[in-house]
Every structure is written in structure tokens, then in C-alpha cells.
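> This is the structure I have questions about; it appears just below.
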Amino acid sequence: MKECNLTILENEPLARQVYRMTLSGAGPCRPGQFVNLQLPGLYLRRPVSVFDAEGDTLRIIYKTVGKGTELLSTLRPGQTLNALTGLGNGYDLEPAGEAPLLLGGGVGVPPLYLLARRLLEGGRRVKAVLGFNTREEVFGEEDFRALGCGVTVTTADGSYGRKGFVTDALPEEYTYYYTCGPEPMLRAVYRAAKGSGQFSFEERMGCGFGACMGCTCQTAAGPKRICRDGPVLKKEEILWKD
Ligand SMILES: Cc1cc2nc3c(=O)[nH]c(=O)nc-3n(C[C@H](O)[C@H](O)[C@H](O)COP(=O)(O)OP(=O)(O)OC[C@H]3O[C@@H](n4cnc5c(N)ncnc54)[C@H](O)[C@@H]3O)c2cc1C
Ligand code: FES
């Protein structure tokens, strides 16, 4: 973990309620890690996944859902943000095999991008299935394609790409999977995807670095703090609450 004062380079709308922000001055970040942003006037930091990281430049993609993210969307290039960077365990690339599958839903798509880059750099063939509710919410398709991934987009209402959920577009062949998205999607992936994989959880957080125990959940390997021992859990570790 590193505390940094990040300078905003860009903060642009990407899709309905979704923005991409580029920042400079960040510490190193691995795929699946997150940053915790301090916003003016708000006590709790807001956690956001690392979309991309290169040198000290960091990119995030966020959806405006409340006070913090609304405020984030009003910030302009040149302004600074205090952040804790390099948080969480991130995805383990080791078990990916030759042809890993990435399954992202909504704002669960961003952490899969840096993962895709690293997997492709390691010589893997990567397929991504990106799921959204409707056409206006779709983002990231061209970014993943430009990296060299095979990409399928699904929308729940069928207004773009394949109609349905990411679990309706699972390819026949893949060696392992990585996923991030809302909990109902993660549960569906857990049931439908074959073999093993890793799941990233976007749990509500307090401190974000392991101190308050507010994000503790039970796993097959005992209690874990999602912010520090996660947000990524292996399939075999997950115990669903009901
Ligand atoms: C590890 C991690 C990575 C994340 N990565 C991203 C990301 O890449 N892009 C992105 O847009 N969001 C991401 N989130 C979710 C993001 O942190 C919340 O949307 C944000 O904190 C909401 O703050 P707010 O002040 O705008 O909303 P608030 O006013 O705090 O809440 C507004 C609404 O959003 C809901 N909400 C708040 N936090 C969460 C959460 N963690 N999960 C689900 N619903 C929540 C609340 O229940 C409420 O309904 C991530 C969360 C975690 C824990
Ligand atoms: S949010 Fe404080 S321990 Fe995880």
C-alpha cells in the first residue's frame, strides 16, 4: 500500500453514468488491485478498481451511484486526489492455462482489463465476455479488442450484442476463468462456469486496508477481510451467505 497525491489528467464520460479517469503519480498496481480515493468533504474513502496502470499513470472507470462518485465526476484535469494505491491481493495469473476466460458485469469489467493485458503479454489466448443491462451502459469492448482479446458483449435487454447474461455466452473451451461483477452475477458464474476460477468481490468497505474488520466474511479457509485478503477469492474458498 502506498499513499499518493494523484494528479487528474483526464476525466471523461464513457457510457451512461460511467466515466474514465486518468491520473498520474501512482505507486505500482497489479491486476485486480484497487485504489481507495479520498474525496473532499467525505469521511470514508471510496474504493475503485485499477483499470490500467503504466509507470506512474493509473486509469480507473467508475459509475456514478452516490455522493462520492458524483463528486468524482465533477473533478477536472489538474486537480489532485489523495489515494491509497496497490490495495488488495489482485488476481493470481499462475493457474490461467493457455486460454483463460474473463467474465465481467457492469463496473466489474474494469479490473479485467489490466488482467487481460498481463495474460496476453504472457502468451495466453484470452476471451472476454462483458455483460451490461442495456446498450447505453456498454463500455470497454473496443479496449479489450484492441489488446487482442476475443470479445462477446451481452445485454440483458438484447439492445446490443447477445441478449442475456454473461452466463448465456460462455464459450465451449477455456482453461480457467476470472470474474468480477455484482453478486447475483458472481453466483450465476459460480454455478454455470466449468472448472475453477477467481472471483473479485466489490464489498462495502470501511478503512480499505485491513484495520477495521468491517469487510470480514467467512471463507472455506476461515474468516477473510475482503479489502486485504481479497477482493479476489478462489472458487474453492467461497462460502455464499445463504
Ligand atoms: C474492491 C472494490 C472495487 C471497486 N471497483 C469499482 C470500479 O472499478 N468502478 C466502480 O464504479 N465502482 C467500483 N466499486 C464500487 C464503488 O466503491 C462504489 O460504487 C462507491 O464507493 C460508491 O460511493 P458513492 O459515495 O458514490 O455512493 P454511496 O452514497 O456510498 O452509495 C450509493 C449507492 O451505491 C451502493 N454502493 C456503495 N458502495 C458499493 C459497493 N462497494 N458495491 C455495491 N454497491 C455499493 C450503496 O449501497 C448505495 O445504494 C468497487 C468497490 C470495491 C469494494
Ligand atoms: S474495510 Fe476495514 S478491514 Fe476491510
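Going by the C-alpha cells order, chains are called A, B, ..., each with residues numbered from 1, while ligands are numbered from 1 in the order shown.
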List every residue of range 107-220 of chain A that has an atom at most 10 Å from any atom of range 34-40 of chain A, giving for each one its closest atom pair and the distance in Å to one decimal, counting only C-alpha atoms, sorted by chain and then by ascending residue number, as a tab-separated table.

residue	atom	partner	partner_atom	distance
A:Pro111	CA	A:Phe34	CA	8.3
A:Met205	CA	A:Asn36	CA	9.8
A:Cys207	CA	A:Asn36	CA	8.8
A:Gly208	CA	A:Asn36	CA	6.9
A:Phe209	CA	A:Asn36	CA	9.0
> Show me, as CSV, the residues of chain A having an atom within 7 Å of ligand 1, each with the closest atom pair and its distance in Å, using only C-alpha atoms and all ligand atoms.

residue,atom,partner,partner_atom_place_in_ligand_line,distance
A:Phe34,CA,ligand 1,1 (C),5.7
A:Arg46,CA,ligand 1,21 (O),4.2
A:Pro47,CA,ligand 1,17 (O),4.2
A:Val48,CA,ligand 1,5 (N),3.6
A:Ser49,CA,ligand 1,8 (O),3.8
A:Val50,CA,ligand 1,8 (O),6.5
A:Phe51,CA,ligand 1,8 (O),6.9
A:Ile60,CA,ligand 1,8 (O),6.2
A:Ile61,CA,ligand 1,9 (N),5.3
A:Tyr62,CA,ligand 1,11 (O),3.2
A:Lys63,CA,ligand 1,11 (O),3.9
A:Thr64,CA,ligand 1,26 (O),5.7
A:Val65,CA,ligand 1,26 (O),4.7
A:Gly66,CA,ligand 1,26 (O),3.3
A:Lys67,CA,ligand 1,25 (O),4.1
A:Gly68,CA,ligand 1,25 (O),3.2
A:Thr69,CA,ligand 1,26 (O),3.7
A:Glu70,CA,ligand 1,26 (O),5.9
A:Val107,CA,ligand 1,9 (N),4.7
A:Gly108,CA,ligand 1,8 (O),6.4
A:Pro110,CA,ligand 1,8 (O),5.4
A:Pro111,CA,ligand 1,8 (O),6.4
A:Phe201,CA,ligand 1,1 (C),6.4
A:Glu202,CA,ligand 1,53 (C),3.8
A:Glu203,CA,ligand 1,53 (C),4.5
A:Arg204,CA,ligand 1,41 (N),4.0
A:Met205,CA,ligand 1,53 (C),5.9
A:Cys227,CA,ligand 1,1 (C),6.5
A:Pro231,CA,ligand 1,1 (C),5.5
> Let's see if you can do this: from backbone DSSP, list all alpha helix (DSSP H) residues in range 143-199 of chain A, as an mmCIF file with C-alpha atoms, in the first residue's frame.

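Saved result, selection-v4.cif, follows:
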data_model
loop_
_atom_site.group_PDB
_atom_site.id
_atom_site.type_symbol
_atom_site.label_atom_id
_atom_site.label_comp_id
_atom_site.auth_asym_id
_atom_site.auth_seq_id
_atom_site.Cartn_x
_atom_site.Cartn_y
_atom_site.Cartn_z
ATOM 1 C CA ASP A 143 -10.368 -1.565 -25.450
ATOM 2 C CA PHE A 144 -10.363 -5.350 -24.967
ATOM 3 C CA ARG A 145 -10.466 -5.974 -28.737
ATOM 4 C CA ALA A 146 -7.522 -3.614 -29.310
ATOM 5 C CA LEU A 147 -5.475 -5.635 -26.813
ATOM 6 C CA GLU A 183 -23.052 -10.597 -6.555
ATOM 7 C CA PRO A 184 -26.030 -12.145 -8.433
ATOM 8 C CA MET A 185 -23.773 -12.408 -11.493
ATOM 9 C CA LEU A 186 -20.926 -13.937 -9.461
ATOM 10 C CA ARG A 187 -23.322 -16.528 -8.053
ATOM 11 C CA ALA A 188 -24.564 -17.374 -11.548
ATOM 12 C CA VAL A 189 -20.977 -17.731 -12.815
ATOM 13 C CA TYR A 190 -20.130 -19.938 -9.819
ATOM 14 C CA ARG A 191 -22.969 -22.281 -10.807
ATOM 15 C CA ALA A 192 -22.603 -22.192 -14.595
#
> With only C-alpha atoms and all ligand atoms as the basis for distance, which of A:Asp229, A:Glu12, A:Glu236, A:Glu3 is at the shortest distance from ligand 2?
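When distances to ligand 2 are compared using only C-alpha atoms and all ligand atoms, the smallest one comes from A:Asp229.
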> Using only C-alpha atoms and all ligand atoms, which residue out of A:Leu58, A:Ala193, A:Leu44, A:Ala220 lies closest to ligand 2?
A:Leu44
> Identify, on the basis of only C-alpha atoms, every residue whose closest approach to Lys235 in chain A does not exceed 6 Å; exclude the query and any residue fewer than 2 positions from it along the same chain; express the result as a VMD selection string.
chain A and resid 197 to 198 237 to 238
> How many Å lie between atom 2 (Fe, counted along the ligand's line) of ligand 2 and CA of Ala53 in chain A, rounded to one decimal?
24.4 Å
> Using only C-alpha atoms and all ligand atoms, which of A:Asp52, A:Arg45, A:Cys180, A:Pro28 sits nearest ligand 2?
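The shortest atom-to-atom distance to ligand 2 comes from A:Arg45.
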